[in-house]
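Here's final.pdb, which has PDB, N, CA and C atoms and all ligand atoms:
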ATOM      1  N   MET E 622       6.993 -19.966 -42.718
ATOM      2  CA  MET E 622       6.947 -20.674 -41.422
ATOM      3  C   MET E 622       8.163 -20.284 -40.584
ATOM      4  N   PRO E 623       7.931 -19.932 -39.390
ATOM      5  CA  PRO E 623       9.065 -19.546 -38.539
ATOM      6  C   PRO E 623       9.845 -20.759 -38.037
ATOM      7  N   ILE E 624      11.126 -20.528 -37.878
ATOM      8  CA  ILE E 624      11.961 -21.559 -37.262
ATOM      9  C   ILE E 624      12.179 -21.173 -35.811
ATOM     10  N   TYR E 625      11.913 -22.095 -34.921
ATOM     11  CA  TYR E 625      12.149 -21.839 -33.506
ATOM     12  C   TYR E 625      13.294 -22.713 -33.010
ATOM     13  N   GLU E 626      13.985 -22.163 -32.046
ATOM     14  CA  GLU E 626      15.090 -22.907 -31.464
ATOM     15  C   GLU E 626      14.651 -23.399 -30.089
ATOM     16  N   TYR E 627      14.902 -24.631 -29.844
ATOM     17  CA  TYR E 627      14.476 -25.245 -28.587
ATOM     18  C   TYR E 627      15.659 -25.851 -27.859
ATOM     19  N   LYS E 628      15.465 -26.003 -26.567
ATOM     20  CA  LYS E 628      16.441 -26.746 -25.771
ATOM     21  C   LYS E 628      15.685 -27.765 -24.949
ATOM     22  N   CYS E 629      16.141 -28.996 -25.019
ATOM     23  CA  CYS E 629      15.504 -30.061 -24.261
ATOM     24  C   CYS E 629      15.941 -29.987 -22.802
ATOM     25  N   ASN E 630      14.972 -30.053 -21.906
ATOM     26  CA  ASN E 630      15.305 -30.009 -20.485
ATOM     27  C   ASN E 630      15.735 -31.362 -19.938
ATOM     28  N   GLU E 631      15.558 -32.392 -20.735
ATOM     29  CA  GLU E 631      15.912 -33.730 -20.272
ATOM     30  C   GLU E 631      17.359 -34.082 -20.617
ATOM     31  N   CYS E 632      17.707 -33.850 -21.879
ATOM     32  CA  CYS E 632      19.052 -34.265 -22.311
ATOM     33  C   CYS E 632      19.891 -33.077 -22.785
ATOM     34  N   ASN E 633      19.374 -31.848 -22.607
ATOM     35  CA  ASN E 633      20.092 -30.625 -22.985
ATOM     36  C   ASN E 633      20.409 -30.539 -24.472
ATOM     37  N   GLU E 634      19.624 -31.225 -25.272
ATOM     38  CA  GLU E 634      19.835 -31.165 -26.717
ATOM     39  C   GLU E 634      19.282 -29.845 -27.258
ATOM     40  N   ASP E 635      20.094 -29.163 -28.044
ATOM     41  CA  ASP E 635      19.623 -27.966 -28.740
ATOM     42  C   ASP E 635      19.168 -28.355 -30.138
ATOM     43  N   PHE E 636      18.009 -27.898 -30.520
ATOM     44  CA  PHE E 636      17.550 -28.220 -31.870
ATOM     45  C   PHE E 636      16.635 -27.128 -32.374
ATOM     46  N   GLU E 637      16.478 -27.103 -33.683
ATOM     47  CA  GLU E 637      15.608 -26.126 -34.313
ATOM     48  C   GLU E 637      14.468 -26.859 -34.981
ATOM     49  N   LYS E 638      13.336 -26.198 -35.041
ATOM     50  CA  LYS E 638      12.193 -26.858 -35.635
ATOM     51  C   LYS E 638      11.338 -25.839 -36.370
ATOM     52  N   LEU E 639      10.888 -26.225 -37.545
ATOM     53  CA  LEU E 639       9.910 -25.423 -38.272
ATOM     54  C   LEU E 639       8.538 -25.723 -37.695
ATOM     55  N   VAL E 640       7.861 -24.717 -37.244
ATOM     56  CA  VAL E 640       6.529 -24.937 -36.697
ATOM     57  C   VAL E 640       5.526 -24.088 -37.468
ATOM     58  N   SER E 641       4.427 -24.710 -37.851
ATOM     59  CA  SER E 641       3.423 -24.016 -38.638
ATOM     60  C   SER E 641       2.546 -23.126 -37.765
ATOM     61  N   SER E 642       2.424 -23.467 -36.509
ATOM     62  CA  SER E 642       1.652 -22.626 -35.600
ATOM     63  C   SER E 642       2.184 -22.796 -34.191
ATOM     64  N   SER E 643       1.777 -21.883 -33.324
ATOM     65  CA  SER E 643       2.293 -21.919 -31.960
ATOM     66  C   SER E 643       1.743 -23.096 -31.174
ATOM     67  N   THR E 644       0.720 -23.740 -31.722
ATOM     68  CA  THR E 644       0.127 -24.869 -31.006
ATOM     69  C   THR E 644       0.751 -26.196 -31.420
ATOM     70  N   THR E 645       1.693 -26.118 -32.361
ATOM     71  CA  THR E 645       2.353 -27.339 -32.811
ATOM     72  C   THR E 645       3.128 -27.972 -31.663
ATOM     73  N   GLU E 646       2.884 -29.256 -31.483
ATOM     74  CA  GLU E 646       3.609 -29.949 -30.425
ATOM     75  C   GLU E 646       5.010 -30.279 -30.906
ATOM     76  N   VAL E 647       5.977 -29.898 -30.116
ATOM     77  CA  VAL E 647       7.372 -30.146 -30.459
ATOM     78  C   VAL E 647       7.971 -31.057 -29.408
ATOM     79  N   SER E 648       8.652 -32.051 -29.873
ATOM     80  CA  SER E 648       9.340 -32.945 -28.941
ATOM     81  C   SER E 648      10.796 -33.073 -29.344
ATOM     82  N   CYS E 649      11.602 -33.417 -28.390
ATOM     83  CA  CYS E 649      13.035 -33.527 -28.611
ATOM     84  C   CYS E 649      13.337 -34.634 -29.621
ATOM     85  N   PRO E 650      14.149 -34.331 -30.640
ATOM     86  CA  PRO E 650      14.493 -35.353 -31.636
ATOM     87  C   PRO E 650      15.401 -36.438 -31.092
ATOM     88  N   LYS E 651      16.001 -36.174 -29.946
ATOM     89  CA  LYS E 651      16.974 -37.111 -29.394
ATOM     90  C   LYS E 651      16.319 -38.082 -28.414
ATOM     91  N   CYS E 652      15.584 -37.515 -27.470
ATOM     92  CA  CYS E 652      14.996 -38.380 -26.438
ATOM     93  C   CYS E 652      13.473 -38.369 -26.480
ATOM     94  N   ASN E 653      12.919 -37.629 -27.436
ATOM     95  CA  ASN E 653      11.481 -37.597 -27.655
ATOM     96  C   ASN E 653      10.709 -36.977 -26.491
ATOM     97  N   SER E 654      11.392 -36.251 -25.641
ATOM     98  CA  SER E 654      10.727 -35.629 -24.515
ATOM     99  C   SER E 654      10.017 -34.353 -24.947
ATOM    100  N   LYS E 655       8.905 -34.053 -24.313
ATOM    101  CA  LYS E 655       8.223 -32.797 -24.579
ATOM    102  C   LYS E 655       8.555 -31.750 -23.520
ATOM    103  N   ASN E 656       9.463 -32.094 -22.647
ATOM    104  CA  ASN E 656       9.929 -31.166 -21.624
ATOM    105  C   ASN E 656      11.029 -30.286 -22.218
ATOM    106  N   ILE E 657      10.594 -29.321 -23.040
ATOM    107  CA  ILE E 657      11.545 -28.498 -23.775
ATOM    108  C   ILE E 657      11.258 -27.028 -23.545
ATOM    109  N   THR E 658      12.242 -26.213 -23.808
ATOM    110  CA  THR E 658      12.108 -24.769 -23.667
ATOM    111  C   THR E 658      12.303 -24.114 -25.025
ATOM    112  N   LYS E 659      11.336 -23.290 -25.406
ATOM    113  CA  LYS E 659      11.489 -22.551 -26.657
ATOM    114  C   LYS E 659      12.387 -21.355 -26.402
ATOM    115  N   LYS E 660      13.412 -21.200 -27.207
ATOM    116  CA  LYS E 660      14.367 -20.135 -26.959
ATOM    117  C   LYS E 660      13.984 -18.853 -27.699
ATOM    118  N   PHE E 661      14.001 -18.869 -29.000
ATOM    119  CA  PHE E 661      13.587 -17.694 -29.750
ATOM    120  C   PHE E 661      13.409 -18.056 -31.216
ATOM    121  N   SER E 662      12.768 -17.169 -31.928
ATOM    122  CA  SER E 662      12.657 -17.347 -33.360
ATOM    123  C   SER E 662      13.903 -16.827 -34.045
ATOM    124  N   LEU E 663      14.332 -17.532 -35.068
ATOM    125  CA  LEU E 663      15.510 -17.089 -35.789
ATOM    126  C   LEU E 663      15.181 -15.951 -36.752
ATOM    127  N   PHE E 664      13.891 -15.757 -37.029
ATOM    128  CA  PHE E 664      13.510 -14.708 -37.951
ATOM    129  C   PHE E 664      13.639 -13.352 -37.270
ATOM    130  N   GLY E 665      14.284 -12.422 -37.944
ATOM    131  CA  GLY E 665      14.450 -11.089 -37.396
ATOM    132  C   GLY E 665      15.466 -11.025 -36.283
ATOM    133  N   MET E 666      16.251 -12.081 -36.137
ATOM    134  CA  MET E 666      17.266 -12.112 -35.088
ATOM    135  C   MET E 666      18.632 -12.293 -35.738
ATOM    136  N   SER E 667      18.941 -11.439 -36.686
ATOM    137  CA  SER E 667      20.178 -11.624 -37.435
ATOM    138  C   SER E 667      21.407 -11.356 -36.576
ATOM    139  N   GLY E 668      21.243 -10.560 -35.535
ATOM    140  CA  GLY E 668      22.395 -10.210 -34.715
ATOM    141  C   GLY E 668      22.566 -11.082 -33.500
ATOM    142  N   VAL E 669      22.019 -12.298 -33.566
ATOM    143  CA  VAL E 669      22.115 -13.182 -32.414
ATOM    144  C   VAL E 669      23.545 -13.645 -32.207
ATOM    145  N   GLU E 670      23.989 -13.496 -31.008
ATOM    146  CA  GLU E 670      25.339 -13.948 -30.701
ATOM    147  C   GLU E 670      25.336 -15.440 -30.425
ATOM    148  N   LYS E 671      26.217 -16.106 -31.097
ATOM    149  CA  LYS E 671      26.331 -17.536 -30.863
ATOM    150  C   LYS E 671      27.777 -17.853 -30.512
ATOM    151  N   PRO E 672      27.978 -18.833 -29.689
ATOM    152  CA  PRO E 672      29.352 -19.223 -29.358
ATOM    153  C   PRO E 672      30.083 -19.692 -30.598
ATOM    154  N   VAL E 673      31.288 -19.197 -30.754
ATOM    155  CA  VAL E 673      32.064 -19.534 -31.940
ATOM    156  C   VAL E 673      32.615 -20.949 -31.806
ATOM    157  N   THR E 674      32.124 -21.802 -32.662
ATOM    158  CA  THR E 674      32.618 -23.177 -32.647
ATOM    159  C   THR E 674      33.496 -23.372 -33.864
ATOM    160  N   SER E 675      34.761 -23.467 -33.618
ATOM    161  CA  SER E 675      35.706 -23.621 -34.719
ATOM    162  C   SER E 675      35.655 -25.046 -35.255
ATOM    163  N   THR E 676      35.612 -25.152 -36.555
ATOM    164  CA  THR E 676      35.569 -26.478 -37.158
ATOM    165  C   THR E 676      36.965 -27.055 -37.312
ATOM    166  N   SER E 677      37.972 -26.177 -37.279
ATOM    167  CA  SER E 677      39.334 -26.662 -37.408
ATOM    168  C   SER E 677      39.987 -26.657 -36.030
ATOM    169  N   THR E 678      39.977 -27.790 -35.386
ATOM    170  CA  THR E 678      40.576 -27.893 -34.065
ATOM    171  C   THR E 678      41.987 -28.439 -34.200
ATOM    172  N   SER E 679      42.942 -27.554 -33.924
ATOM    173  CA  SER E 679      44.334 -27.973 -34.048
ATOM    174  C   SER E 679      44.846 -28.585 -32.753
ATOM    175  N   GLY E 680      44.167 -28.314 -31.660
ATOM    176  CA  GLY E 680      44.615 -28.851 -30.390
ATOM    177  C   GLY E 680      43.953 -30.183 -30.091
ATOM    178  N   CYS E 681      44.490 -30.892 -29.122
ATOM    179  CA  CYS E 681      43.869 -32.138 -28.722
ATOM    180  C   CYS E 681      42.826 -31.868 -27.645
ATOM    181  N   SER E 682      42.073 -32.880 -27.272
ATOM    182  CA  SER E 682      40.947 -32.671 -26.371
ATOM    183  C   SER E 682      41.384 -32.296 -24.966
ATOM    184  N   SER E 683      42.626 -32.609 -24.610
ATOM    185  CA  SER E 683      43.091 -32.282 -23.269
ATOM    186  C   SER E 683      43.638 -30.872 -23.182
ATOM    187  N   CYS E 684      43.757 -30.192 -24.317
ATOM    188  CA  CYS E 684      44.258 -28.826 -24.331
ATOM    189  C   CYS E 684      43.103 -27.857 -24.186
ATOM    190  N   SER E 685      43.284 -26.860 -23.380
ATOM    191  CA  SER E 685      42.265 -25.825 -23.276
ATOM    192  C   SER E 685      42.447 -24.799 -24.375
ATOM    193  N   SER E 686      43.644 -24.628 -24.842
ATOM    194  CA  SER E 686      43.903 -23.669 -25.907
ATOM    195  C   SER E 686      43.800 -24.367 -27.253
ATOM    196  N   SER E 687      44.005 -23.600 -28.307
ATOM    197  CA  SER E 687      43.864 -24.158 -29.647
ATOM    198  C   SER E 687      45.149 -24.823 -30.125
ATOM    199  N   SER E 688      46.194 -24.729 -29.348
ATOM    200  CA  SER E 688      47.434 -25.386 -29.741
ATOM    201  C   SER E 688      47.838 -26.415 -28.698
ATOM    202  N   CYS E 689      48.693 -27.312 -29.073
ATOM    203  CA  CYS E 689      49.110 -28.385 -28.173
ATOM    204  C   CYS E 689      50.447 -28.068 -27.507
ATOM    205  N   LYS E 690      50.817 -26.798 -27.497
ATOM    206  CA  LYS E 690      52.115 -26.448 -26.947
ATOM    207  C   LYS E 690      52.219 -26.766 -25.460
ATOM    208  N   SER E 691      51.097 -26.724 -24.757
ATOM    209  CA  SER E 691      51.142 -26.880 -23.303
ATOM    210  C   SER E 691      51.210 -28.338 -22.887
ATOM    211  N   CYS E 692      50.828 -29.246 -23.736
ATOM    212  CA  CYS E 692      50.761 -30.640 -23.296
ATOM    213  C   CYS E 692      51.589 -31.577 -24.159
ATOM    214  N   HIS E 693      52.277 -31.061 -25.156
ATOM    215  CA  HIS E 693      53.077 -31.958 -25.999
ATOM    216  C   HIS E 693      54.518 -31.484 -26.052
TER     217      HIS E 693
HETATM  218 ZN    ZN F 701      16.060 -34.561 -25.217
END
Before we go any further, please render this structure as structure tokens.
Ligand SMILES: [Zn+2]
Amino acid sequence: MPIYEYKCNECNEDFEKLVSSSTTEVSCPKCNSKNITKKFSLFGMSGVEKPVTSTSTSGCSSCSSSSCKSCH
């Protein structure tokens, strides 16, 4: 079963869903809206560029950089 990536047009939630067929109705898990956009299948897309989200955030939320040197 392919995994598709969707984006909700109502609340901008990004989510992935396993769909058994292209006719499967998919709705947003957050707001339950069906106003969504299918982005692409993850299968065969190993080189997809994704924004790097670092899990170790050393800076505070008011810092644009990864260190707090500018605001502390
Ligand atoms: Zn939504």
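Evaluated on this file, the PyMOL selection byres (((not hetatm) and name CA) within 8 of (chain F and resi 701)) matches Lys628, Cys629, Asn630, Glu631, Cys632, Asn633, Glu634, Ser648, Cys649, Pro650, Lys651, Cys652, Asn653, Ser654, Asn656 and Ile657 of chain E.
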Quiz prompt | Point-to-point distance from atom N of Val647 of chain E to atom C of Asp635 of chain E, Å rounded to tenths | solution = 13.3 Å
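For the pair atom CA of Val640 of chain E and atom CA of Met622 of chain E, the separation is 6.4 Å.
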Practice problem: With the file shown as input, list the residues that the PyMOL selection byres (((chain E and resi 638) around 6.5) and not hetatm) selects, as a ChimeraX atom specification. | Solution: /E:623-627,636-637,639-640
